[in-house]
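Below: structure25.csv (CSV, C-alpha atoms)
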```csv
chain,number,residue,atom,x,y,z
A,170,MET,CA,136.6,107.0,77.6
A,171,SER,CA,134.9,109.7,79.6
A,172,LYS,CA,132.2,108.7,82.0
A,173,PRO,CA,128.5,108.8,81.1
A,174,ILE,CA,126.8,112.0,82.3
A,175,VAL,CA,123.6,111.8,84.4
A,176,ALA,CA,121.1,114.6,85.1
A,177,THR,CA,118.1,114.4,87.4
A,178,THR,CA,115.2,116.6,88.3
A,179,SER,CA,112.1,116.6,90.4
A,180,LEU,CA,109.0,118.1,88.7
A,181,ALA,CA,105.6,117.6,90.4
A,182,GLY,CA,107.1,115.1,92.8
A,183,CYS,CA,108.0,114.9,96.5
A,184,PHE,CA,111.7,114.2,96.2
A,185,GLY,CA,111.0,110.7,97.4
A,186,CYS,CA,112.4,109.2,94.3
A,187,HIS,CA,115.6,111.2,94.8
A,188,MET,CA,115.7,109.8,98.3
A,189,SER,CA,115.4,106.4,96.9
A,190,VAL,CA,118.5,107.0,94.7
A,191,LEU,CA,120.3,107.7,98.0
A,192,ASP,CA,119.0,104.5,99.3
A,193,ILE,CA,121.5,102.6,97.2
A,194,ASP,CA,123.7,103.1,100.3
A,195,GLU,CA,127.4,102.5,99.9
A,196,ARG,CA,126.9,101.7,96.2
A,197,ILE,CA,126.8,105.5,95.8
A,198,LEU,CA,130.6,105.3,95.9
A,199,GLU,CA,130.5,102.9,92.9
A,200,LEU,CA,128.0,105.2,91.2
A,201,ILE,CA,130.4,108.2,91.3
A,202,GLU,CA,133.1,106.0,89.8
A,203,LEU,CA,130.6,104.9,87.1
A,204,VAL,CA,129.0,108.2,86.1
A,205,GLU,CA,129.4,112.0,86.3
A,206,PHE,CA,126.5,114.2,87.4
A,207,ASN,CA,125.4,117.3,85.7
A,208,LYS,CA,122.2,119.3,86.4
A,209,SER,CA,120.7,117.7,89.5
A,210,PRO,CA,119.5,118.7,93.0
A,211,ILE,CA,122.0,116.1,94.3
A,212,ASN,CA,125.0,118.4,93.4
A,213,ASP,CA,122.9,121.6,93.1
A,214,ILE,CA,124.0,122.3,89.5
A,215,LYS,CA,121.1,124.5,88.3
A,216,LYS,CA,121.7,124.7,84.6
A,217,PHE,CA,122.9,122.2,82.0
A,218,THR,CA,126.6,122.8,81.2
A,219,LYS,CA,126.8,120.1,78.6
A,220,LYS,CA,124.9,117.3,76.8
A,221,CYS,CA,124.0,114.4,79.0
A,222,ASP,CA,123.5,110.7,78.4
A,223,ILE,CA,120.8,109.9,80.9
A,224,GLY,CA,118.1,112.1,82.4
A,225,LEU,CA,116.1,110.8,85.4
A,226,ILE,CA,112.8,112.5,85.8
A,227,GLU,CA,110.8,112.4,89.0
A,228,GLY,CA,107.3,113.8,89.1
A,229,GLY,CA,104.7,114.6,86.5
A,230,CYS,CA,103.9,118.0,84.9
A,231,CYS,CA,101.5,120.1,86.9
A,232,ASN,CA,102.6,123.6,85.7
A,233,SER,CA,104.2,125.4,82.9
A,234,GLU,CA,107.6,125.4,84.6
A,235,ASN,CA,107.5,121.5,84.8
A,236,VAL,CA,106.9,121.4,81.0
A,237,HIS,CA,109.7,123.8,80.4
A,238,VAL,CA,112.2,121.8,82.5
A,239,LEU,CA,111.0,118.5,81.0
A,240,ARG,CA,111.5,119.8,77.4
A,241,ASP,CA,114.9,121.2,78.4
A,242,PHE,CA,115.8,117.7,79.7
A,243,ARG,CA,114.6,116.1,76.4
A,244,GLU,CA,116.9,118.5,74.5
A,245,HIS,CA,119.9,117.9,76.6
A,246,CYS,CA,119.6,114.1,77.4
A,247,LYS,CA,120.0,111.2,75.0
A,248,ILE,CA,117.9,108.9,77.2
A,249,LEU,CA,115.1,110.0,79.5
A,250,VAL,CA,113.8,107.8,82.2
A,251,SER,CA,110.5,108.3,84.0
A,252,VAL,CA,111.3,107.5,87.7
A,253,GLY,CA,108.3,106.7,89.9
A,254,GLU,CA,104.5,106.7,89.7
A,255,CYS,CA,104.2,110.5,89.4
A,256,ALA,CA,106.4,110.7,86.3
A,257,ILE,CA,104.6,107.6,84.9
A,258,MET,CA,101.0,108.4,85.6
A,259,GLY,CA,100.8,111.7,87.5
A,260,GLY,CA,100.7,110.0,90.9
A,261,LEU,CA,99.1,111.6,93.9
A,262,PRO,CA,99.1,115.2,92.4
A,263,ALA,CA,97.0,113.8,89.6
A,264,MET,CA,94.2,113.0,92.0
A,265,ARG,CA,93.0,116.5,91.2
A,266,ASN,CA,92.6,115.6,87.6
A,267,GLY,CA,88.9,114.9,87.8
A,268,ILE,CA,88.2,118.3,89.5
A,269,PRO,CA,88.0,121.5,87.4
A,270,ILE,CA,91.1,123.7,88.1
A,271,ARG,CA,89.0,126.7,89.2
A,272,GLU,CA,87.4,124.5,91.9
A,273,CYS,CA,90.8,123.4,93.1
A,274,LEU,CA,92.1,126.9,93.4
A,275,GLU,CA,89.0,128.2,95.1
A,276,GLU,CA,89.1,125.4,97.6
A,277,ALA,CA,92.8,126.1,98.3
A,278,TYR,CA,92.6,129.9,98.5
A,279,LEU,CA,89.0,130.9,99.1
A,280,ASN,CA,86.7,128.3,100.5
A,281,GLY,CA,88.8,125.6,102.2
A,282,PRO,CA,88.6,125.1,105.9
A,283,THR,CA,92.2,126.1,106.5
A,284,VAL,CA,92.0,129.4,104.6
A,285,VAL,CA,92.9,132.4,106.8
A,286,GLY,CA,93.7,136.0,106.1
A,287,ASN,CA,92.7,136.2,102.5
A,288,GLU,CA,90.0,138.8,103.0
A,289,GLU,CA,90.4,140.2,99.5
A,290,GLY,CA,89.8,136.8,98.1
A,291,ILE,CA,92.9,136.7,95.9
A,292,ILE,CA,93.9,133.6,93.9
A,293,PRO,CA,97.7,134.0,93.3
A,294,ASN,CA,98.2,135.3,89.8
A,295,ASP,CA,101.6,137.0,89.7
A,296,PRO,CA,103.2,136.7,86.3
A,297,GLU,CA,106.3,135.4,88.0
A,298,LEU,CA,104.4,132.3,89.1
A,299,PRO,CA,104.2,129.3,86.8
A,300,MET,CA,100.8,128.7,85.4
A,301,LEU,CA,99.0,125.6,86.7
A,302,LEU,CA,98.0,123.2,83.9
A,303,ASP,CA,94.4,122.0,83.6
A,304,LYS,CA,95.5,118.7,84.9
A,305,VAL,CA,98.7,116.8,85.9
A,306,TYR,CA,100.2,115.1,82.9
A,307,PRO,CA,102.4,112.0,82.8
A,308,CYS,CA,105.8,112.9,81.4
A,309,HIS,CA,105.4,110.6,78.3
A,310,GLU,CA,102.4,112.6,77.3
A,311,ILE,CA,104.5,115.8,77.0
A,312,VAL,CA,107.8,114.4,75.6
A,313,LYS,CA,109.2,111.1,74.4
A,314,ILE,CA,110.3,109.0,77.4
A,315,ASP,CA,112.6,106.0,76.7
A,316,TYR,CA,112.3,104.0,79.9
A,317,PHE,CA,110.0,103.7,82.9
A,318,LEU,CA,110.8,102.7,86.5
A,319,PRO,CA,107.6,102.3,88.5
A,320,GLY,CA,107.3,102.5,92.3
A,321,CYS,CA,106.4,104.9,95.0
A,322,PRO,CA,109.3,105.3,95.3
A,323,PRO,CA,111.0,102.9,92.9
A,324,ARG,CA,113.0,100.5,95.0
A,325,ALA,CA,116.7,101.6,95.3
A,326,ASP,CA,117.7,98.2,93.7
A,327,LEU,CA,115.5,98.9,90.7
A,328,ILE,CA,117.1,102.3,90.2
A,329,TRP,CA,120.5,100.9,90.7
A,330,GLU,CA,119.9,98.0,88.3
A,331,ALA,CA,118.5,100.3,85.7
A,332,LEU,CA,121.4,102.8,85.9
A,333,VAL,CA,124.0,100.0,85.7
A,334,ALA,CA,122.2,98.4,82.8
A,335,LEU,CA,122.0,101.7,80.9
A,336,VAL,CA,125.7,102.5,81.5
A,337,THR,CA,127.1,99.0,80.8
A,338,GLY,CA,124.6,98.1,78.1
A,339,ASP,CA,123.8,94.8,79.8
A,340,GLU,CA,120.2,93.6,79.9
A,341,MET,CA,118.3,94.7,83.0
A,342,LYS,CA,117.1,92.1,85.5
A,343,LEU,CA,113.6,92.7,86.8
A,344,PRO,CA,113.1,90.5,89.9
A,345,TYR,CA,109.5,90.2,91.1
A,346,GLU,CA,110.2,92.0,94.4
A,347,VAL,CA,111.6,95.2,93.0
A,348,LEU,CA,108.8,95.9,90.5
A,349,LYS,CA,106.1,97.5,92.6
A,350,PHE,CA,103.6,100.3,92.1
A,351,ASP,CA,103.6,101.4,95.8
B,203,MET,CA,80.9,58.2,77.7
B,204,SER,CA,83.8,58.5,80.0
B,205,GLN,CA,83.5,60.9,83.0
B,206,PHE,CA,87.0,62.2,82.2
B,207,VAL,CA,88.4,64.0,79.2
B,208,LYS,CA,92.0,64.4,78.0
B,209,PHE,CA,93.2,67.7,76.5
B,210,THR,CA,96.4,69.7,76.2
B,211,ILE,CA,97.5,73.1,77.4
B,212,ASP,CA,100.6,74.4,75.7
B,213,THR,CA,101.3,70.7,74.7
B,214,ILE,CA,101.2,69.6,78.3
B,215,GLU,CA,98.8,66.6,78.6
B,216,CYS,CA,95.9,67.3,81.1
B,217,MET,CA,93.0,65.5,82.4
B,218,ALA,CA,89.7,66.9,83.8
B,219,THR,CA,86.2,66.0,84.7
B,220,ARG,CA,83.8,66.4,81.7
B,221,GLY,CA,82.0,69.7,81.7
B,222,GLN,CA,84.5,71.5,84.0
B,223,TYR,CA,85.4,75.0,82.9
B,224,LEU,CA,88.8,75.4,81.4
B,225,VAL,CA,90.2,77.7,84.2
B,226,ASP,CA,89.2,75.2,86.9
B,227,ALA,CA,90.5,72.2,84.9
B,228,ALA,CA,93.8,74.0,84.3
B,229,ARG,CA,94.1,74.9,88.0
B,230,GLU,CA,93.7,71.2,88.9
B,231,ASN,CA,96.5,70.4,86.5
B,232,GLY,CA,98.8,73.0,88.0
B,233,ILE,CA,98.5,75.5,85.2
B,234,PHE,CA,97.6,79.1,85.9
B,235,ILE,CA,95.2,80.9,83.5
B,236,PRO,CA,95.0,84.5,84.7
B,237,THR,CA,91.5,85.6,85.7
B,238,LEU,CA,90.0,88.8,87.0
B,239,CYS,CA,86.2,88.8,86.9
B,240,ASN,CA,86.0,85.1,87.6
B,241,TYR,CA,85.8,83.9,91.2
B,242,PRO,CA,85.7,80.3,92.5
B,243,GLY,CA,82.1,79.4,93.4
B,244,VAL,CA,80.6,82.3,91.5
B,245,LYS,CA,78.9,81.7,88.2
B,246,PRO,CA,81.3,82.7,85.5
B,247,LYS,CA,80.6,85.8,83.3
B,248,GLY,CA,83.4,86.0,80.9
B,249,SER,CA,83.4,89.8,80.9
B,250,CYS,CA,87.0,90.8,81.6
B,251,ARG,CA,88.6,88.6,78.9
B,252,ILE,CA,91.9,88.2,80.9
B,253,CYS,CA,91.5,84.5,80.7
B,254,THR,CA,91.5,84.4,76.9
B,255,VAL,CA,93.2,81.4,75.5
B,256,LYS,CA,93.3,79.9,72.1
B,257,VAL,CA,91.2,76.7,71.8
B,258,ASN,CA,92.1,74.8,68.6
B,259,GLY,CA,93.3,78.1,67.2
B,260,LYS,CA,90.3,80.2,68.2
B,261,LEU,CA,90.3,82.9,71.0
B,262,MET,CA,87.9,81.9,73.8
B,263,THR,CA,87.4,82.8,77.5
B,264,ALA,CA,88.7,80.0,79.6
B,265,CYS,CA,86.3,80.8,82.4
B,266,THR,CA,83.2,80.1,80.4
B,267,THR,CA,84.5,77.3,78.1
B,268,PRO,CA,83.9,73.7,79.2
B,269,VAL,CA,86.7,71.3,78.5
B,270,ALA,CA,86.2,68.8,75.7
B,271,GLU,CA,88.0,65.7,74.6
B,272,GLY,CA,91.1,66.4,72.6
B,273,MET,CA,91.1,70.2,72.9
B,274,ASN,CA,94.4,71.9,72.1
B,275,VAL,CA,94.7,75.0,74.3
B,276,GLU,CA,97.3,77.7,73.9
B,277,ASN,CA,97.8,79.6,77.1
B,278,GLU,CA,101.3,81.0,77.5
B,279,SER,CA,102.2,82.5,74.1
B,280,ALA,CA,103.7,85.9,73.4
B,281,GLU,CA,100.6,86.8,71.4
B,282,ILE,CA,98.1,85.9,74.1
B,283,ASN,CA,100.1,87.4,77.0
B,284,ASP,CA,100.3,90.6,75.1
B,285,LEU,CA,96.6,90.6,74.6
B,286,ARG,CA,96.1,90.1,78.3
B,287,LYS,CA,98.6,92.8,79.2
B,288,SER,CA,96.8,95.2,76.9
B,289,ILE,CA,93.5,94.5,78.7
B,290,ILE,CA,95.2,95.2,82.1
B,291,GLU,CA,96.7,98.4,80.7
B,292,LEU,CA,93.2,99.5,79.4
B,293,LEU,CA,91.8,98.9,82.9
B,294,PHE,CA,94.6,101.0,84.4
B,295,VAL,CA,94.0,104.0,82.1
B,296,GLU,CA,90.2,103.7,82.1
B,297,GLY,CA,89.8,104.3,85.9
B,298,ASN,CA,91.8,106.2,88.5
B,299,HIS,CA,94.2,103.6,89.9
B,300,PHE,CA,96.5,105.4,92.3
B,301,CYS,CA,98.3,102.4,93.8
B,302,PRO,CA,100.4,104.4,96.3
B,303,ALA,CA,97.2,105.7,97.9
B,304,CYS,CA,95.1,102.5,97.8
B,305,GLU,CA,94.4,100.3,100.8
B,306,LYS,CA,94.3,97.2,98.6
B,307,SER,CA,97.7,97.8,97.2
B,308,GLY,CA,99.8,94.7,97.6
B,309,SER,CA,96.7,92.5,97.8
B,310,CYS,CA,95.0,93.8,94.6
B,311,GLU,CA,94.5,91.3,91.8
B,312,LEU,CA,94.6,93.9,89.0
B,313,GLN,CA,97.9,95.2,90.4
B,314,ALA,CA,99.2,91.6,90.8
B,315,LEU,CA,98.4,90.8,87.2
B,316,ALA,CA,100.2,94.0,86.1
B,317,TYR,CA,103.2,92.8,88.1
B,318,ARG,CA,103.0,89.4,86.5
B,319,PHE,CA,102.9,90.8,83.0
B,320,LYS,CA,105.6,93.3,84.0
B,321,MET,CA,103.6,96.4,83.1
B,322,LEU,CA,105.9,99.4,83.4
B,323,VAL,CA,103.6,101.9,81.8
B,324,PRO,CA,100.3,101.5,80.0
B,325,ARG,CA,100.5,102.0,76.2
B,326,PHE,CA,97.3,103.9,76.2
B,327,PRO,CA,96.7,107.5,77.3
B,328,PHE,CA,95.3,108.0,80.8
B,329,GLN,CA,91.6,109.1,80.9
B,330,PHE,CA,91.4,110.5,84.4
B,331,PRO,CA,87.6,110.2,84.5
B,332,TYR,CA,85.7,112.1,87.2
B,333,ARG,CA,84.4,109.5,89.6
B,334,SER,CA,83.1,109.9,93.1
B,335,VAL,CA,83.6,108.1,96.4
B,336,ASP,CA,80.4,106.9,98.0
B,337,ALA,CA,80.8,106.6,101.8
B,338,SER,CA,77.1,106.8,102.6
B,339,HIS,CA,76.7,103.2,103.7
B,340,PRO,CA,77.4,102.7,107.4
B,341,LYS,CA,79.6,99.7,106.9
B,342,ILE,CA,81.5,100.1,103.6
B,343,ILE,CA,83.0,102.7,101.3
B,344,LYS,CA,82.4,102.3,97.6
B,345,ASP,CA,85.2,104.0,95.6
B,346,HIS,CA,84.1,104.3,92.0
B,347,ASN,CA,87.6,105.4,90.9
B,348,ARG,CA,88.9,101.9,91.4
B,349,CYS,CA,85.9,99.9,90.2
B,350,ILE,CA,86.5,97.7,87.2
B,351,LEU,CA,82.9,96.6,86.8
B,352,CYS,CA,83.7,92.9,87.1
B,353,LYS,CA,80.4,92.3,88.8
B,354,ARG,CA,81.9,89.9,91.3
B,355,CYS,CA,80.1,91.6,94.2
B,356,ILE,CA,76.8,91.7,92.4
B,357,ARG,CA,77.0,88.0,91.6
B,358,ALA,CA,78.4,86.8,95.0
B,359,ILE,CA,76.9,89.0,97.7
B,360,THR,CA,73.2,88.2,98.2
B,361,ASP,CA,70.7,88.2,101.0
B,362,ASP,CA,68.9,85.2,102.4
B,363,SER,CA,66.5,85.0,99.5
B,364,GLY,CA,69.2,85.3,96.9
B,365,ARG,CA,68.7,88.9,95.9
B,366,SER,CA,71.9,90.8,95.0
B,367,ILE,CA,72.8,93.5,97.5
B,368,PHE,CA,75.0,95.3,95.0
B,369,ALA,CA,73.6,96.6,91.7
B,370,TYR,CA,74.5,98.5,88.6
B,371,ARG,CA,73.3,102.1,88.4
B,372,LYS,CA,73.3,104.3,85.2
B,373,ARG,CA,74.3,103.1,81.8
B,374,GLY,CA,77.1,103.1,79.3
B,375,ILE,CA,80.3,104.9,80.2
B,376,GLY,CA,78.6,106.3,83.4
B,377,VAL,CA,77.7,102.8,84.8
B,378,GLU,CA,78.5,102.3,88.5
B,379,VAL,CA,78.3,99.5,91.0
B,380,VAL,CA,76.4,100.6,94.1
B,381,VAL,CA,74.8,99.2,97.2
B,382,ASP,CA,71.1,98.6,96.4
B,383,PRO,CA,69.4,101.3,98.5
B,384,LYS,CA,66.5,98.9,99.4
B,385,LEU,CA,68.7,95.9,100.4
B,386,GLY,CA,71.6,97.9,101.9
B,387,LYS,CA,70.5,97.3,105.4
B,388,GLN,CA,70.9,93.6,105.0
B,389,LEU,CA,74.7,93.9,104.5
B,390,THR,CA,76.0,92.4,107.7
B,391,ASP,CA,79.5,92.8,109.0
B,392,GLU,CA,80.3,89.4,107.7
B,393,LEU,CA,78.9,90.1,104.2
B,394,ALA,CA,80.7,93.5,104.1
B,395,GLN,CA,84.0,91.8,104.8
B,396,LYS,CA,83.2,89.1,102.2
B,397,ALA,CA,82.4,91.9,99.7
B,398,MET,CA,85.8,93.6,100.4
B,399,ASP,CA,87.6,90.3,100.0
B,400,ILE,CA,85.8,89.3,96.8
B,401,CYS,CA,86.5,92.7,95.2
B,402,PRO,CA,89.6,92.2,93.0
B,403,VAL,CA,90.6,95.9,93.4
B,404,GLY,CA,90.2,98.4,96.3
B,405,SER,CA,86.7,99.5,95.3
B,406,ILE,CA,84.8,98.0,98.3
B,407,LEU,CA,86.4,98.9,101.6
B,408,VAL,CA,85.1,98.0,105.1
B,409,LYS,CA,85.0,101.2,107.2
B,410,GLU,CA,87.0,101.9,110.3
B,411,LYS,CA,89.9,99.7,109.5
B,412,GLY,CA,92.6,99.7,106.9
B,413,PHE,CA,96.3,99.2,106.2
B,414,ASN,CA,96.3,96.5,108.8
B,415,VAL,CA,98.7,94.2,106.9
B,416,PRO,CA,102.2,95.6,106.8
B,417,ILE,CA,104.1,96.1,103.5
B,418,GLY,CA,106.0,92.8,102.9
B,419,ALA,CA,103.3,90.6,104.3
B,420,ARG,CA,100.6,91.4,101.8
B,421,ARG,CA,99.2,88.8,99.4
B,422,TYR,CA,101.3,89.6,96.4
B,423,ASP,CA,104.4,91.2,98.0
B,424,LYS,CA,106.7,88.2,97.7
B,425,SER,CA,105.2,85.8,95.1
B,426,PRO,CA,103.4,86.5,91.9
B,427,ILE,CA,99.7,85.8,91.4
B,428,GLY,CA,99.2,82.2,90.2
B,429,SER,CA,102.5,81.0,91.6
B,430,ASP,CA,100.7,78.8,94.1
B,431,ILE,CA,98.9,77.0,91.3
B,432,GLU,CA,102.1,76.7,89.3
B,433,SER,CA,104.1,75.3,92.2
B,434,MET,CA,101.7,72.3,92.0
B,435,GLN,CA,102.7,71.6,88.4
B,436,ILE,CA,106.4,71.7,89.4
B,437,SER,CA,105.9,69.3,92.3
B,438,LYS,CA,104.0,67.0,90.0
B,439,ILE,CA,107.0,66.7,87.6
```
Take the structure in the file and write it out as structure tokens.
Amino acid sequence: MSKPIVATTSLAGCFGCHMSVLDIDERILELIELVEFNKSPINDIKKFTKKCDIGLIEGGCCNSENVHVLRDFREHCKILVSVGECAIMGGLPAMRNGIPIRECLEEAYLNGPTVVGNEEGIIPNDPELPMLLDKVYPCHEIVKIDYFLPGCPPRADLIWEALVALVTGDEMKLPYEVLKFD
Amino acid sequence: MSQFVKFTIDTIECMATRGQYLVDAARENGIFIPTLCNYPGVKPKGSCRICTVKVNGKLMTACTTPVAEGMNVENESAEINDLRKSIIELLFVEGNHFCPACEKSGSCELQALAYRFKMLVPRFPFQFPYRSVDASHPKIIKDHNRCILCKRCIRAITDDSGRSIFAYRKRGIGVEVVVDPKLGKQLTDELAQKAMDICPVGSILVKEKGFNVPIGARRYDKSPIGSDIESMQISKI
């Protein structure tokens, strides 16, 4: 039987959740025996080359590119997992959600105390740039998400337990000390 | 009439003083009924409904219901725990609870209850309301994003003549808990600290200090909320 295929991505996240995947330490050797990686920043595969079994999503959706990537993952992965607070509830990027988007952009590019050298008062609007969304959306408000692993970042043990449970089909243990929101 | 009453919680036989509220009676019998708006020594209000139990088949709040002889109380059932979990989820989506950025994280009762009920994601859509942070008081910060309107501070923090230093402002969906502008000066350092400690979430913070307990040593890092009460039950058996 061929190994289950895992893909991962970071949307509006800080890559902390990916770092937490690496925090499984020497178990990473077991992991590569257990699964094969497809599209992921870990192996730098940029595009899906086949259908995957598990997609790990870090970060919420703050722009049109995030939405595009997330939908691409939904199309290519049988199971999608929201990894971390940002994917689950928008996380720190979502702290802008109560503020109108125009105000955010004006603060960042025109009025903020650290703005220098923007005499023409340009807010970046090149068609190449992904459009910012009105607010940061949790992934499950854009596509169907099958499982959720909270934490900022989720503890390495939680990610490991979840991956092993998904691959082996065993029930997942959820010890008190690994389920945390911070 | 006897001073004591006998009743059962989840078929466990319990005894309590007549007139005691159910949460307190349960605690003395080593049974944890989760609470959020309730606080020992403060008049119960029954507003958050987390302590909902079934008394003789009827849903009641355990913090406002006095025990009575022969009561059959249902506390730990799948139905009741799912009701409680849904209230916690509603509180999480109704405000802006960014746990990773909150000073109270790890010692927060709302978060601890979410851990206890294994909330992975709220079933309701996030509201992301626009709320402000009021840092105008010299001693405390009042973060409206995190306030769950439990009224603990209004009920417990009073001046010498018993007047509440905290108060509700505005109405309906816009209601906020604020420091009463007239009585704000009477908030001593001691009362400010008490207000921060009594706040179940991170909505009242004492200024000029924070994050002074390391991760791992915070109140709910190692053991779930209520486990101290439940350990009494185990030792009793």
Return the neighbours of chain B among the residues of chain A, cut-off 6 Å, counting only C-alpha atoms, as a PDB file with C-alpha atoms, keeping the file's coordinate frame.
```pdb
ATOM      1  CA  GLY A 267      88.900 114.900  87.800  1.00  0.00           C
ATOM      2  CA  PHE A 317     110.000 103.700  82.900  1.00  0.00           C
ATOM      3  CA  PHE A 350     103.600 100.300  92.100  1.00  0.00           C
ATOM      4  CA  ASP A 351     103.600 101.400  95.800  1.00  0.00           C
TER       5      ASP A 351
END
```
Nearby residues, (72.9, 98.5, 101.0) file frame, 10 Å, all atoms listed in the file, as a ChimeraX atom specification: /B:338-342,366-369,380-390,394
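Using all atoms listed in the file, the nearest neighbour of A:Glu330 within the list A:Val312, A:Ile292, A:Met264, A:Leu200 is A:Leu200.
Restricting the calculation to only C-alpha atoms, the smallest distance between A:Ala325 and any of A:Lys342, A:Arg196, A:Arg271, A:Lys219 is found for A:Arg196.
Taking atom CA of B:Glu432 as the reference point, atom CA of B:Pro236 is found at 11.5 Å.
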Polymer residues at most 6 Å from B:Cys253, all atoms listed in the file, same-chain spacing of 6 or more positions, as a ChimeraX atom specification: /B:235-237,263-264
Go ahead and save the picked residues with C-alpha atoms, as a compact mmCIF listing (two decimals), in the coordinates of the input.
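Generated output (result.txt):
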```txt
# COMPACT_ATOMS: atom_id res chain seq x y z
CA ILE B 235 95.20 80.90 83.50
CA PRO B 236 95.00 84.50 84.70
CA THR B 237 91.50 85.60 85.70
CA THR B 263 87.40 82.80 77.50
CA ALA B 264 88.70 80.00 79.60
```
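Pairwise distance (atom CA of B:Lys411, atom CA of B:Gly376) equals 29.2 Å.
The space between atom CA of B:Asp345 and atom CA of B:Ile406 spans 6.6 Å.
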Residues within 8 Å of B:Asn258, only C-alpha atoms, excluding chain neighbours under 5 positions, as a ChimeraX atom specification: /B:273-276
Quick one: stretch 242-247 of chain B with all heavy atoms, as a PDB file, in the coordinates of the input?
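The result, written out as result08.pdb:
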```pdb
ATOM      1  N   PRO B 242      86.127  81.658  92.240  1.00  0.00           N
ATOM      2  CA  PRO B 242      85.700  80.300  92.500  1.00  0.00           C
ATOM      3  C   PRO B 242      84.349  80.290  93.257  1.00  0.00           C
ATOM      4  O   PRO B 242      84.152  81.037  94.215  1.00  0.00           O
ATOM      5  CB  PRO B 242      86.793  79.737  93.418  1.00  0.00           C
ATOM      6  CG  PRO B 242      87.995  80.566  93.119  1.00  0.00           C
ATOM      7  CD  PRO B 242      87.486  81.918  92.752  1.00  0.00           C
ATOM      8  N   GLY B 243      83.437  79.488  92.797  1.00  0.00           N
ATOM      9  CA  GLY B 243      82.100  79.400  93.400  1.00  0.00           C
ATOM     10  C   GLY B 243      81.102  80.360  92.961  1.00  0.00           C
ATOM     11  O   GLY B 243      79.964  80.330  93.399  1.00  0.00           O
ATOM     12  N   VAL B 244      81.510  81.271  92.072  1.00  0.00           N
ATOM     13  CA  VAL B 244      80.600  82.300  91.500  1.00  0.00           C
ATOM     14  C   VAL B 244      80.383  81.948  90.051  1.00  0.00           C
ATOM     15  O   VAL B 244      81.348  81.639  89.353  1.00  0.00           O
ATOM     16  CB  VAL B 244      81.117  83.688  91.718  1.00  0.00           C
ATOM     17  CG1 VAL B 244      80.161  84.711  91.131  1.00  0.00           C
ATOM     18  CG2 VAL B 244      81.362  83.975  93.187  1.00  0.00           C
ATOM     19  N   LYS B 245      79.142  82.007  89.581  1.00  0.00           N
ATOM     20  CA  LYS B 245      78.900  81.700  88.200  1.00  0.00           C
ATOM     21  C   LYS B 245      79.714  82.559  87.248  1.00  0.00           C
ATOM     22  O   LYS B 245      79.711  83.781  87.378  1.00  0.00           O
ATOM     23  CB  LYS B 245      77.380  81.933  87.905  1.00  0.00           C
ATOM     24  CG  LYS B 245      76.919  81.330  86.597  1.00  0.00           C
ATOM     25  CD  LYS B 245      75.404  81.477  86.439  1.00  0.00           C
ATOM     26  CE  LYS B 245      75.002  80.998  85.050  1.00  0.00           C
ATOM     27  NZ  LYS B 245      74.414  82.035  84.222  1.00  0.00           N
ATOM     28  N   PRO B 246      80.465  81.933  86.322  1.00  0.00           N
ATOM     29  CA  PRO B 246      81.300  82.700  85.500  1.00  0.00           C
ATOM     30  C   PRO B 246      80.574  83.655  84.526  1.00  0.00           C
ATOM     31  O   PRO B 246      79.428  83.374  84.171  1.00  0.00           O
ATOM     32  CB  PRO B 246      82.129  81.677  84.690  1.00  0.00           C
ATOM     33  CG  PRO B 246      81.351  80.425  84.792  1.00  0.00           C
ATOM     34  CD  PRO B 246      80.590  80.492  86.061  1.00  0.00           C
ATOM     35  N   LYS B 247      81.246  84.753  84.163  1.00  0.00           N
ATOM     36  CA  LYS B 247      80.600  85.800  83.300  1.00  0.00           C
ATOM     37  C   LYS B 247      81.323  86.007  82.043  1.00  0.00           C
ATOM     38  O   LYS B 247      80.740  86.370  81.034  1.00  0.00           O
ATOM     39  CB  LYS B 247      80.469  87.045  84.154  1.00  0.00           C
ATOM     40  CG  LYS B 247      79.677  88.148  83.493  1.00  0.00           C
ATOM     41  CD  LYS B 247      79.307  89.204  84.515  1.00  0.00           C
ATOM     42  CE  LYS B 247      78.610  90.384  83.866  1.00  0.00           C
ATOM     43  NZ  LYS B 247      79.546  91.358  83.337  1.00  0.00           N
TER      44      LYS B 247
END
```
